[in-house]
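Participant: Dropping in input.pdb, with PDB, C-alpha atoms.
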ATOM      1  CA  MET R1273      20.640-212.409-164.859
ATOM      2  CA  ILE R1274      23.685-210.466-166.024
ATOM      3  CA  ARG R1275      24.474-209.477-162.407
ATOM      4  CA  GLN R1276      24.308-213.154-161.328
ATOM      5  CA  LYS R1277      26.767-214.206-164.068
ATOM      6  CA  LEU R1278      29.195-211.444-163.067
ATOM      7  CA  GLN R1279      29.133-212.618-159.449
ATOM      8  CA  GLN R1280      29.774-216.234-160.522
ATOM      9  CA  HIS R1281      32.710-215.111-162.677
ATOM     10  CA  ARG R1282      34.278-213.122-159.858
ATOM     11  CA  HIS R1283      33.888-216.046-157.454
ATOM     12  CA  LYS R1284      35.555-218.437-159.901
ATOM     13  CA  ARG R1285      38.447-216.010-160.467
ATOM     14  CA  ASN R1286      39.014-215.621-156.721
ATOM     15  CA  VAL R1287      39.074-219.401-156.228
ATOM     16  CA  LEU R1288      41.586-219.842-159.057
ATOM     17  CA  SER R1289      43.810-217.097-157.603
ATOM     18  CA  LEU R1290      43.723-218.749-154.185
ATOM     19  CA  ILE R1291      44.692-222.135-155.662
ATOM     20  CA  ALA R1292      47.563-220.537-157.588
ATOM     21  CA  LEU R1293      48.893-218.875-154.423
ATOM     22  CA  LEU R1294      48.726-222.161-152.497
ATOM     23  CA  LEU R1295      50.582-224.009-155.233
ATOM     24  CA  LEU R1296      53.271-221.320-155.396
ATOM     25  CA  SER R1297      53.744-221.361-151.611
ATOM     26  CA  THR R1298      54.021-225.169-151.574
ATOM     27  CA  ALA R1299      56.520-225.151-154.426
ATOM     28  CA  SER R1300      58.694-222.589-152.674
ATOM     29  CA  GLY R1301      58.710-224.560-149.420
ATOM     30  CA  CYS R1302      59.836-227.737-151.159
ATOM     31  CA  ASN R1303      62.467-226.143-153.359
ATOM     32  CA  PRO R1304      65.770-227.939-152.543
ATOM     33  CA  ALA R1305      67.792-224.948-153.703
ATOM     34  CA  THR R1306      65.937-222.675-151.276
ATOM     35  CA  GLN R1307      66.506-225.086-148.397
ATOM     36  CA  GLU R1308      70.205-225.360-149.249
ATOM     37  CA  THR R1309      70.568-221.587-149.322
ATOM     38  CA  GLN R1310      68.848-221.258-145.950
ATOM     39  CA  ALA R1311      71.109-223.904-144.425
ATOM     40  CA  GLN R1312      74.192-222.215-145.833
ATOM     41  CA  GLN R1313      73.123-218.852-144.425
ATOM     42  CA  ALA R1314      72.552-220.400-141.011
ATOM     43  CA  GLN R1315      76.000-221.976-141.092
ATOM     44  CA  GLU R1316      77.760-218.779-142.118
ATOM     45  CA  SER R1317      76.007-216.517-139.637
ATOM     46  CA  PRO R1318      77.706-216.016-136.266
ATOM     47  CA  ALA R1319      76.383-217.955-133.320
ATOM     48  CA  PRO R1320      73.831-216.037-131.276
ATOM     49  CA  GLN R1321      75.377-214.243-128.291
ATOM     50  CA  SER R1322      73.641-216.592-125.849
ATOM     51  CA  GLU R1323      75.196-219.635-127.517
ATOM     52  CA  GLN R1324      78.774-218.335-127.711
ATOM     53  CA  ILE R1325      81.294-219.734-125.288
ATOM     54  CA  ARG R1326      82.916-217.200-122.965
ATOM     55  CA  VAL R1327      86.696-216.959-123.008
ATOM     56  CA  VAL R1328      89.014-214.863-120.855
ATOM     57  CA  ALA R1329      92.621-214.194-121.875
ATOM     58  CA  THR R1330      95.119-213.007-119.312
ATOM     59  CA  PHE R1331      96.979-210.140-121.029
ATOM     60  CA  LEU R1332      97.371-208.459-124.399
ATOM     61  CA  PRO R1333      99.294-210.954-126.606
ATOM     62  CA  MET R1334      97.127-213.796-125.301
ATOM     63  CA  TYR R1335      94.044-211.700-126.069
ATOM     64  CA  TRP R1336      95.268-210.981-129.619
ATOM     65  CA  PHE R1337      95.931-214.634-130.350
ATOM     66  CA  THR R1338      92.647-215.792-128.802
ATOM     67  CA  ARG R1339      90.583-213.159-130.594
ATOM     68  CA  ALA R1340      92.229-214.098-133.885
ATOM     69  CA  VAL R1341      91.337-217.773-133.444
ATOM     70  CA  ALA R1342      87.866-217.226-131.987
ATOM     71  CA  GLY R1343      86.683-214.742-134.600
ATOM     72  CA  ASP R1344      82.954-214.192-134.064
ATOM     73  CA  ARG R1345      82.342-217.655-132.599
ATOM     74  CA  ALA R1346      83.261-216.823-128.989
ATOM     75  CA  GLN R1347      83.102-213.888-126.621
ATOM     76  CA  VAL R1348      86.662-213.009-125.583
ATOM     77  CA  ASP R1349      87.573-210.706-122.673
ATOM     78  CA  ILE R1350      90.925-209.611-121.249
ATOM     79  CA  LEU R1351      91.904-209.620-117.565
ATOM     80  CA  VAL R1352      95.033-207.434-117.340
ATOM     81  CA  PRO R1353      94.481-204.005-118.924
ATOM     82  CA  PRO R1354      96.956-203.309-121.761
ATOM     83  CA  GLY R1355     100.037-201.546-120.432
ATOM     84  CA  SER R1356      99.708-202.902-116.896
ATOM     85  CA  GLU R1357     102.572-204.898-115.456
ATOM     86  CA  VAL R1358     101.486-208.528-115.554
ATOM     87  CA  HIS R1359     103.978-209.743-112.933
ATOM     88  CA  ASP R1360     102.693-207.298-110.300
ATOM     89  CA  TYR R1361      99.031-207.401-111.279
ATOM     90  CA  GLN R1362      96.489-207.708-108.480
ATOM     91  CA  ALA R1363      93.240-209.382-109.496
ATOM     92  CA  THR R1364      90.002-207.477-108.982
ATOM     93  CA  PRO R1365      86.534-208.772-108.026
ATOM     94  CA  ALA R1366      85.573-208.261-111.670
ATOM     95  CA  ASP R1367      88.367-210.641-112.686
ATOM     96  CA  VAL R1368      87.096-213.276-110.260
ATOM     97  CA  GLN R1369      83.590-212.878-111.668
ATOM     98  CA  ALA R1370      84.857-213.107-115.256
ATOM     99  CA  ILE R1371      86.645-216.381-114.532
ATOM    100  CA  ALA R1372      83.665-217.700-112.548
ATOM    101  CA  THR R1373      81.399-217.335-115.598
ATOM    102  CA  ALA R1374      83.905-218.292-118.308
ATOM    103  CA  ASN R1375      84.124-221.542-120.223
ATOM    104  CA  VAL R1376      87.802-221.142-121.128
ATOM    105  CA  LEU R1377      90.801-219.321-119.650
ATOM    106  CA  VAL R1378      93.812-218.700-121.919
ATOM    107  CA  LYS R1379      97.148-217.947-120.254
ATOM    108  CA  ASN R1380     100.732-217.558-121.380
ATOM    109  CA  GLY R1381     102.137-219.774-118.652
ATOM    110  CA  LEU R1382     105.829-220.122-117.702
ATOM    111  CA  GLY R1383     105.163-218.190-114.509
ATOM    112  CA  MET R1384     104.044-215.024-116.261
ATOM    113  CA  GLU R1385     100.691-214.724-114.494
ATOM    114  CA  ASP R1386     101.476-215.059-110.785
ATOM    115  CA  PHE R1387      98.070-213.682-109.833
ATOM    116  CA  LEU R1388      96.102-216.472-111.493
ATOM    117  CA  GLU R1389      96.282-219.330-109.004
ATOM    118  CA  GLY R1390      94.455-217.595-106.180
ATOM    119  CA  THR R1391      92.051-215.890-108.582
ATOM    120  CA  ILE R1392      90.992-219.201-110.108
ATOM    121  CA  GLN R1393      90.465-220.685-106.656
ATOM    122  CA  ASN R1394      88.325-217.727-105.623
ATOM    123  CA  ALA R1395      86.272-218.013-108.819
ATOM    124  CA  GLY R1396      85.160-221.543-107.926
ATOM    125  CA  ASN R1397      84.454-222.631-111.498
ATOM    126  CA  PRO R1398      84.905-226.436-111.679
ATOM    127  CA  ASP R1399      83.974-226.501-115.378
ATOM    128  CA  LEU R1400      86.630-223.976-116.427
ATOM    129  CA  LYS R1401      88.985-225.237-119.139
ATOM    130  CA  ILE R1402      92.473-223.729-118.847
ATOM    131  CA  VAL R1403      94.603-223.389-121.971
ATOM    132  CA  ASP R1404      98.337-223.017-121.329
ATOM    133  CA  SER R1405      99.456-221.476-124.611
ATOM    134  CA  SER R1406     103.139-222.222-123.899
ATOM    135  CA  SER R1407     102.532-225.932-123.489
ATOM    136  CA  GLY R1408     105.199-227.862-125.384
ATOM    137  CA  ILE R1409     107.586-224.895-125.657
ATOM    138  CA  GLU R1410     111.060-225.439-124.215
ATOM    139  CA  PRO R1411     111.689-222.420-121.956
ATOM    140  CA  LEU R1412     114.932-220.482-121.869
ATOM    141  CA  GLY R1413     116.615-219.651-118.600
ATOM    142  CA  GLU R1414     118.908-216.708-117.988
ATOM    143  CA  ILE R1415     121.080-216.282-121.078
ATOM    144  CA  SER R1416     122.913-213.075-120.142
ATOM    145  CA  PRO R1417     124.205-211.387-116.968
ATOM    146  CA  VAL R1418     121.938-209.015-115.089
ATOM    147  CA  GLU R1419     123.469-205.757-113.889
ATOM    148  CA  SER R1420     121.640-203.813-111.169
ATOM    149  CA  VAL R1421     123.079-200.316-111.223
ATOM    150  CA  SER R1422     121.053-198.881-108.325
ATOM    151  CA  GLU R1423     122.896-198.688-105.029
ATOM    152  CA  HIS R1424     119.624-199.768-103.410
ATOM    153  CA  GLY R1425     119.377-202.774-105.688
ATOM    154  CA  HIS R1426     115.864-202.225-107.009
ATOM    155  CA  GLY R1427     116.133-201.765-110.714
ATOM    156  CA  HIS R1428     113.237-200.086-112.413
ATOM    157  CA  SER R1429     113.093-198.402-115.779
ATOM    158  CA  HIS R1430     109.582-197.064-116.281
ATOM    159  CA  GLY R1431     107.236-198.084-113.532
ATOM    160  CA  HIS R1432     107.342-201.787-114.509
ATOM    161  CA  SER R1433     109.461-204.048-112.353
ATOM    162  CA  HIS R1434     111.182-206.544-114.618
ATOM    163  CA  SER R1435     113.628-207.922-112.070
ATOM    164  CA  HIS R1436     111.468-210.951-111.271
ATOM    165  CA  ASP R1437     113.000-214.379-111.001
ATOM    166  CA  HIS R1438     111.520-216.661-113.632
ATOM    167  CA  ALA R1439     111.646-220.032-111.925
ATOM    168  CA  ASP R1440     109.835-221.638-114.867
ATOM    169  CA  GLY R1441     112.104-220.015-117.467
ATOM    170  CA  ASN R1442     111.734-216.769-119.350
ATOM    171  CA  PRO R1443     108.043-216.337-120.253
ATOM    172  CA  HIS R1444     108.326-213.864-123.185
ATOM    173  CA  VAL R1445     107.824-216.487-125.893
ATOM    174  CA  TRP R1446     105.285-214.446-127.896
ATOM    175  CA  LEU R1447     108.105-212.208-129.201
ATOM    176  CA  ASP R1448     109.395-215.099-131.315
ATOM    177  CA  PRO R1449     106.963-215.503-134.251
ATOM    178  CA  VAL R1450     107.783-219.203-134.529
ATOM    179  CA  LEU R1451     106.882-219.824-130.885
ATOM    180  CA  ALA R1452     103.852-217.559-131.286
ATOM    181  CA  LYS R1453     102.630-220.054-133.907
ATOM    182  CA  ARG R1454     102.767-222.789-131.276
ATOM    183  CA  GLN R1455     100.787-220.606-128.899
ATOM    184  CA  VAL R1456      98.103-220.006-131.523
ATOM    185  CA  GLU R1457      97.914-223.741-132.203
ATOM    186  CA  ASN R1458      97.485-224.475-128.490
ATOM    187  CA  ILE R1459      94.724-221.878-128.264
ATOM    188  CA  ARG R1460      93.037-223.323-131.352
ATOM    189  CA  ASP R1461      93.065-226.806-129.872
ATOM    190  CA  GLY R1462      91.737-225.535-126.556
ATOM    191  CA  LEU R1463      88.818-223.720-128.159
ATOM    192  CA  ILE R1464      87.960-226.758-130.275
ATOM    193  CA  ALA R1465      87.954-228.976-127.178
ATOM    194  CA  ALA R1466      85.605-226.550-125.426
ATOM    195  CA  ASP R1467      83.410-225.831-128.448
ATOM    196  CA  PRO R1468      83.673-228.630-131.030
ATOM    197  CA  ALA R1469      80.640-227.347-132.949
ATOM    198  CA  ASN R1470      82.783-224.458-134.241
ATOM    199  CA  LYS R1471      85.876-226.540-135.017
ATOM    200  CA  ASP R1472      85.990-225.561-138.700
ATOM    201  CA  ALA R1473      85.865-221.841-137.908
ATOM    202  CA  TYR R1474      88.608-222.086-135.290
ATOM    203  CA  GLN R1475      90.830-224.071-137.635
ATOM    204  CA  ALA R1476      90.350-221.634-140.507
ATOM    205  CA  ASN R1477      90.936-218.567-138.335
ATOM    206  CA  ALA R1478      94.061-220.064-136.780
ATOM    207  CA  ALA R1479      95.443-221.046-140.189
ATOM    208  CA  ALA R1480      95.039-217.489-141.485
ATOM    209  CA  TYR R1481      96.806-215.982-138.457
ATOM    210  CA  ILE R1482      99.577-218.583-138.536
ATOM    211  CA  GLN R1483     100.215-217.724-142.173
ATOM    212  CA  GLN R1484     100.828-214.122-141.129
ATOM    213  CA  LEU R1485     103.152-215.282-138.347
ATOM    214  CA  GLU R1486     105.131-217.286-140.885
ATOM    215  CA  GLN R1487     105.423-214.223-143.095
ATOM    216  CA  THR R1488     106.681-212.207-140.118
ATOM    217  CA  HIS R1489     109.268-214.891-139.339
ATOM    218  CA  ASN R1490     110.472-214.880-142.937
ATOM    219  CA  GLN R1491     110.838-211.094-142.872
ATOM    220  CA  PHE R1492     112.917-211.225-139.685
ATOM    221  CA  GLN R1493     115.053-214.041-141.018
ATOM    222  CA  GLN R1494     115.761-212.402-144.366
ATOM    223  CA  THR R1495     116.541-209.004-142.848
ATOM    224  CA  LEU R1496     118.609-210.014-139.819
ATOM    225  CA  GLN R1497     120.771-212.534-141.652
ATOM    226  CA  ASN R1498     122.688-209.464-142.800
ATOM    227  CA  PHE R1499     123.637-208.654-139.188
ATOM    228  CA  PRO R1500     124.960-211.886-137.661
ATOM    229  CA  ASN R1501     125.725-211.753-133.951
ATOM    230  CA  CYS R1502     124.660-208.157-133.474
ATOM    231  CA  THR R1503     125.148-207.422-129.752
ATOM    232  CA  PHE R1504     122.675-205.475-127.655
ATOM    233  CA  ILE R1505     121.899-204.466-124.084
ATOM    234  CA  THR R1506     118.360-204.097-122.836
ATOM    235  CA  PHE R1507     116.667-202.888-119.666
ATOM    236  CA  HIS R1508     113.960-205.575-119.764
ATOM    237  CA  ASP R1509     114.803-209.266-120.064
ATOM    238  CA  ALA R1510     112.124-209.833-122.686
ATOM    239  CA  TYR R1511     114.085-210.695-125.802
ATOM    240  CA  PRO R1512     116.088-213.916-125.361
ATOM    241  CA  TYR R1513     113.751-215.945-127.613
ATOM    242  CA  LEU R1514     113.870-213.299-130.320
ATOM    243  CA  ALA R1515     117.665-213.114-130.015
ATOM    244  CA  ASN R1516     118.112-216.884-130.163
ATOM    245  CA  ARG R1517     115.847-217.232-133.188
ATOM    246  CA  TYR R1518     117.690-214.678-135.307
ATOM    247  CA  GLN R1519     121.284-215.047-134.078
ATOM    248  CA  LEU R1520     121.379-211.810-132.114
ATOM    249  CA  GLN R1521     123.392-211.547-128.896
ATOM    250  CA  GLN R1522     121.709-210.167-125.781
ATOM    251  CA  VAL R1523     124.904-209.526-123.835
ATOM    252  CA  ALA R1524     123.398-208.012-120.674
ATOM    253  CA  VAL R1525     120.262-206.809-118.940
ATOM    254  CA  VAL R1526     120.886-203.551-117.085
ATOM    255  CA  GLN R1527     118.329-202.933-114.349
ATOM    256  CA  ILE R1528     118.114-199.186-113.947
ATOM    257  CA  PRO R1529     116.535-197.266-111.054
ATOM    258  CA  GLU R1530     113.316-195.328-110.975
ATOM    259  CA  ASP R1531     112.678-191.710-111.802
ATOM    260  CA  GLN R1532     115.391-190.055-109.683
ATOM    261  CA  PRO R1533     118.738-191.755-110.365
ATOM    262  CA  SER R1534     121.680-190.572-108.303
ATOM    263  CA  PRO R1535     124.938-189.487-109.964
ATOM    264  CA  GLY R1536     126.350-192.792-108.754
ATOM    265  CA  ASP R1537     123.541-194.700-110.499
ATOM    266  CA  ILE R1538     124.275-192.911-113.748
ATOM    267  CA  GLN R1539     127.978-193.649-113.518
ATOM    268  CA  ARG R1540     127.380-197.315-112.740
ATOM    269  CA  ALA R1541     125.010-197.574-115.699
ATOM    270  CA  VAL R1542     127.578-195.979-117.995
ATOM    271  CA  ASN R1543     130.237-198.395-116.732
ATOM    272  CA  ALA R1544     127.934-201.385-117.208
ATOM    273  CA  VAL R1545     127.116-200.457-120.780
ATOM    274  CA  LYS R1546     130.789-199.763-121.596
ATOM    275  CA  LYS R1547     131.756-203.097-120.069
ATOM    276  CA  TYR R1548     129.845-205.059-122.705
ATOM    277  CA  ASP R1549     130.669-202.858-125.704
ATOM    278  CA  ALA R1550     127.289-203.578-127.316
ATOM    279  CA  GLN R1551     126.297-202.324-130.748
ATOM    280  CA  ALA R1552     122.801-201.410-129.631
ATOM    281  CA  ILE R1553     120.903-200.373-126.504
ATOM    282  CA  PHE R1554     117.201-201.141-126.446
ATOM    283  CA  SER R1555     114.683-199.359-124.253
ATOM    284  CA  GLU R1556     110.884-199.415-124.669
ATOM    285  CA  PRO R1557     108.423-197.111-126.472
ATOM    286  CA  GLY R1558     107.171-194.148-124.505
ATOM    287  CA  VAL R1559     109.892-194.319-121.859
ATOM    288  CA  ASP R1560     110.866-190.896-120.526
ATOM    289  CA  ASN R1561     113.690-191.531-118.108
ATOM    290  CA  ASN R1562     116.489-189.142-117.251
ATOM    291  CA  LEU R1563     118.935-191.986-116.831
ATOM    292  CA  LEU R1564     118.365-193.175-120.394
ATOM    293  CA  LYS R1565     118.956-189.662-121.689
ATOM    294  CA  SER R1566     122.138-189.381-119.640
ATOM    295  CA  LEU R1567     123.328-192.773-120.858
ATOM    296  CA  SER R1568     122.771-191.836-124.470
ATOM    297  CA  GLN R1569     124.615-188.521-124.044
ATOM    298  CA  ASP R1570     127.515-189.854-121.970
ATOM    299  CA  LEU R1571     128.105-192.841-124.245
ATOM    300  CA  ASP R1572     127.321-190.984-127.466
ATOM    301  CA  ILE R1573     125.131-193.932-128.433
ATOM    302  CA  PRO R1574     121.491-193.701-129.501
ATOM    303  CA  ILE R1575     119.035-195.710-127.425
ATOM    304  CA  TYR R1576     116.410-197.430-129.556
ATOM    305  CA  PRO R1577     112.844-198.256-128.484
ATOM    306  CA  ILE R1578     111.808-201.882-128.911
ATOM    307  CA  ASP R1579     108.306-203.031-128.039
ATOM    308  CA  PRO R1580     107.680-206.040-125.729
ATOM    309  CA  LEU R1581     104.037-205.997-126.925
ATOM    310  CA  GLU R1582     102.489-205.681-123.487
ATOM    311  CA  ALA R1583     100.632-202.479-124.401
ATOM    312  CA  GLY R1584      98.744-201.282-127.439
ATOM    313  CA  PRO R1585      95.413-201.609-129.262
ATOM    314  CA  THR R1586      93.287-204.722-128.831
ATOM    315  CA  ASP R1587      93.137-205.442-132.572
ATOM    316  CA  PRO R1588      94.919-208.801-133.166
ATOM    317  CA  GLN R1589      96.559-207.321-136.268
ATOM    318  CA  HIS R1590      98.582-204.957-134.075
ATOM    319  CA  TYR R1591     100.948-207.830-133.325
ATOM    320  CA  PHE R1592     102.214-207.638-136.896
ATOM    321  CA  THR R1593     102.402-203.843-136.922
ATOM    322  CA  ALA R1594     104.466-203.774-133.725
ATOM    323  CA  MET R1595     106.735-206.631-134.814
ATOM    324  CA  SER R1596     107.393-204.925-138.145
ATOM    325  CA  GLU R1597     108.408-201.767-136.270
ATOM    326  CA  ASN R1598     110.655-203.849-133.996
ATOM    327  CA  LEU R1599     112.349-205.333-137.034
ATOM    328  CA  GLN R1600     113.028-201.878-138.481
ATOM    329  CA  THR R1601     114.435-200.770-135.110
ATOM    330  CA  ILE R1602     116.762-203.763-134.823
ATOM    331  CA  GLU R1603     117.950-203.304-138.404
ATOM    332  CA  SER R1604     118.742-199.628-137.770
ATOM    333  CA  ALA R1605     120.501-200.353-134.471
ATOM    334  CA  CYS R1606     122.652-203.185-135.798
ATOM    335  CA  GLN R1607     123.931-201.458-138.930
TER     336      GLN R1607
END
Please express the file's structure as structure tokens.
Facilitator:
Amino acid sequence: MIRQKLQQHRHKRNVLSLIALLLLSTASGCNPATQETQAQQAQESPAPQSEQIRVVATFLPMYWFTRAVAGDRAQVDILVPPGSEVHDYQATPADVQAIATANVLVKNGLGMEDFLEGTIQNAGNPDLKIVDSSSGIEPLGEISPVESVSEHGHGHSHGHSHSHDHADGNPHVWLDPVLAKRQVENIRDGLIAADPANKDAYQANAAAYIQQLEQTHNQFQQTLQNFPNCTFITFHDAYPYLANRYQLQQVAVVQIPEDQPSPGDIQRAVNAVKKYDAQAIFSEPGVDNNLLKSLSQDLDIPIYPIDPLEAGPTDPQHYFTAMSENLQTIESACQ
């Protein structure tokens, strides 16, 4: 009798425990706060890799800007390896494949990427959306004379040929932070058109990067207003937009020969630099060229490295690091 009562008691307790668990589970499933939290977590989490759009950017500044806008909502790849000469770049089969499978292609435009037209045709991707980041930007033509000091007429400073004719205007707009803002806006709009589901993320990411570009512009403006009309010579026609923005004067582009300049080349380079009586001479980081050393010694003028931002790390924040260093270089050269 006692054993029977104990068994009945245990059975009743188990039933009550089961009912309590069912009630608790039902209450948790219907809790509005829990559902709201789950929805918020789903919204904040990055899109699964399979659902991300695929974007290819042509070269480093375009990759920086695109990565900054895309954040974790798109897969972004680069075509031209950092440090390679974009003008002379030859597309590879991997580039064709990347464009063939991409949703969006981001380019600088203004004739910078000569290799693209045939590569896009070979890729055969009718659904590809092409974002011209320089759309709406008024291009500059030649603003200063070009001096070729080589007797053979093929100027070359460091393995990158910069003597190309820019039929569409000078393409180096990314070196002006104000025009870089326009490029970021164009990229933002292109990504939104291709992937409207992530519009809010693209807008927020672009706004944050544009704020940094505005800060960079303000720093340049405040610093360089102390050096109005500072004159400089460069060996790469990359800086007319930067010069125009901050009232600098790019008085000449001197195209210098490759690794083995003749004595005549050196003398012509010295004469060209003397001719324009510039306050500063700008080369590029990492350049080891005997002609530059000879120029600096013969003219008793330091040659300063300024970065065209075509090489460097792939972190989008490097744009601001390199531009800050450029500003310090210009300030030192113009004093």
Participant: Please identify every residue of segment 1430-1542 of chain R that has at least one atom no farther than 10 Å from an atom of segment 1387-1406 of chain R, counting all atoms listed in the file, and for each give the shortest atom pair and the distance in Å to one decimal, arranged by chain then increasing number, as JSON lines.
Facilitator:
{"residue": "R:Pro1443", "atom": "CA", "partner": "R:Ser1406", "partner_atom": "CA", "distance": 8.5}
{"residue": "R:His1444", "atom": "CA", "partner": "R:Ser1406", "partner_atom": "CA", "distance": 9.9}
{"residue": "R:Val1445", "atom": "CA", "partner": "R:Ser1406", "partner_atom": "CA", "distance": 7.7}
{"residue": "R:Trp1446", "atom": "CA", "partner": "R:Ser1406", "partner_atom": "CA", "distance": 9.0}
{"residue": "R:Leu1451", "atom": "CA", "partner": "R:Ser1406", "partner_atom": "CA", "distance": 8.3}
{"residue": "R:Ala1452", "atom": "CA", "partner": "R:Ser1406", "partner_atom": "CA", "distance": 8.8}
{"residue": "R:Lys1453", "atom": "CA", "partner": "R:Ser1405", "partner_atom": "CA", "distance": 9.9}
{"residue": "R:Arg1454", "atom": "CA", "partner": "R:Ser1406", "partner_atom": "CA", "distance": 7.4}
{"residue": "R:Gln1455", "atom": "CA", "partner": "R:Ser1405", "partner_atom": "CA", "distance": 4.6}
{"residue": "R:Val1456", "atom": "CA", "partner": "R:Ser1405", "partner_atom": "CA", "distance": 7.2}
{"residue": "R:Glu1457", "atom": "CA", "partner": "R:Ser1405", "partner_atom": "CA", "distance": 8.1}
{"residue": "R:Asn1458", "atom": "CA", "partner": "R:Ser1405", "partner_atom": "CA", "distance": 5.3}
{"residue": "R:Ile1459", "atom": "CA", "partner": "R:Ser1405", "partner_atom": "CA", "distance": 6.0}
{"residue": "R:Arg1460", "atom": "CA", "partner": "R:Ser1405", "partner_atom": "CA", "distance": 9.5}
{"residue": "R:Asp1461", "atom": "CA", "partner": "R:Val1403", "partner_atom": "CA", "distance": 8.7}
{"residue": "R:Gly1462", "atom": "CA", "partner": "R:Val1403", "partner_atom": "CA", "distance": 5.8}
{"residue": "R:Leu1463", "atom": "CA", "partner": "R:Val1403", "partner_atom": "CA", "distance": 8.5}
{"residue": "R:Ala1465", "atom": "CA", "partner": "R:Lys1401", "partner_atom": "CA", "distance": 8.9}
{"residue": "R:Ala1466", "atom": "CA", "partner": "R:Lys1401", "partner_atom": "CA", "distance": 7.3}
Participant: From the set R:Gln1521, R:Thr1586, R:Gln1324, R:Asn1498, which residue has the shortest atom-to-atom contact distance to Val1352 of chain R, counting only C-alpha atoms?
Facilitator: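 Nearest candidate to Val1352 of chain R out of R:Gln1521, R:Thr1586, R:Gln1324, R:Asn1498: R:Thr1586.
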Participant: Pick the closest to Gly1355 of chain R from R:Cys1606, R:Ser1596, R:Ser1566, R:Gly1584: which is it, counting all atoms listed in the file?
Facilitator: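 For Gly1355 of chain R, the nearest of the given residues is R:Gly1584.
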Participant: For the structure shown, which residues end up in the PyMOL selection byres ((chain R and resi 1535) around 12)? Put them as a ChimeraX atom specification, please?
Facilitator: /R:1421-1423,1529,1532-1534,1536-1542,1562-1563,1566-1567
Participant: Taking only residues of segment 1490-1513 of chain R that have an atom at most 12 Å from an atom of segment 1577-1582 of chain R, what is each one's shortest atom pair and its distance in Å to one decimal, using all atoms listed in the file, in chain and number order, as a tab-separated table?
Facilitator:
residue	atom	partner	partner_atom	distance
R:Phe1504	CA	R:Ile1578	CA	11.5
R:Ile1505	CA	R:Ile1578	CA	11.5
R:Thr1506	CA	R:Ile1578	CA	9.2
R:Phe1507	CA	R:Ile1578	CA	10.5
R:His1508	CA	R:Pro1580	CA	8.7
R:Asp1509	CA	R:Pro1580	CA	9.7
R:Ala1510	CA	R:Pro1580	CA	6.6
R:Tyr1511	CA	R:Pro1580	CA	7.9
R:Pro1512	CA	R:Pro1580	CA	11.5
R:Tyr1513	CA	R:Pro1580	CA	11.8
Participant: Nearest residue to Ser1416 of chain R out of R:Ala1605, R:Val1525, R:Ala1480, R:Leu1571, using only C-alpha atoms?
Facilitator: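 Ranked by minimum distance to Ser1416 of chain R, first place goes to R:Val1525.
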Participant: In Å, rounded to a single decimal, give me how far atom CA of Gly1383 of chain R is from atom CA of Thr1330 of chain R.
Facilitator: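 Computing it gives 12.3 Å between the two atoms.
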Participant: Is it possible to get the residues within 10 Å of (86.9, -218.2, -120.4) (coordinates as in the file, counting only C-alpha atoms) written as a ChimeraX atom specification?
Facilitator: /R:1325-1330,1346-1350,1370-1378,1400-1403,1463,1466
Participant: Give the answer as one residue: which of R:Ala1342, R:Ile1409, R:Leu1564, R:Leu1332 has the shortest atom-to-atom distance to Ser1356 of chain R, using all atoms listed in the file?
Facilitator: R:Leu1332
Participant: Would you mind reading off the distance between atom CA of Asp1572 of chain R and atom CA of Ser1420 of chain R, one decimal, in Å?
Facilitator: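 These two atoms are separated by 21.5 Å.
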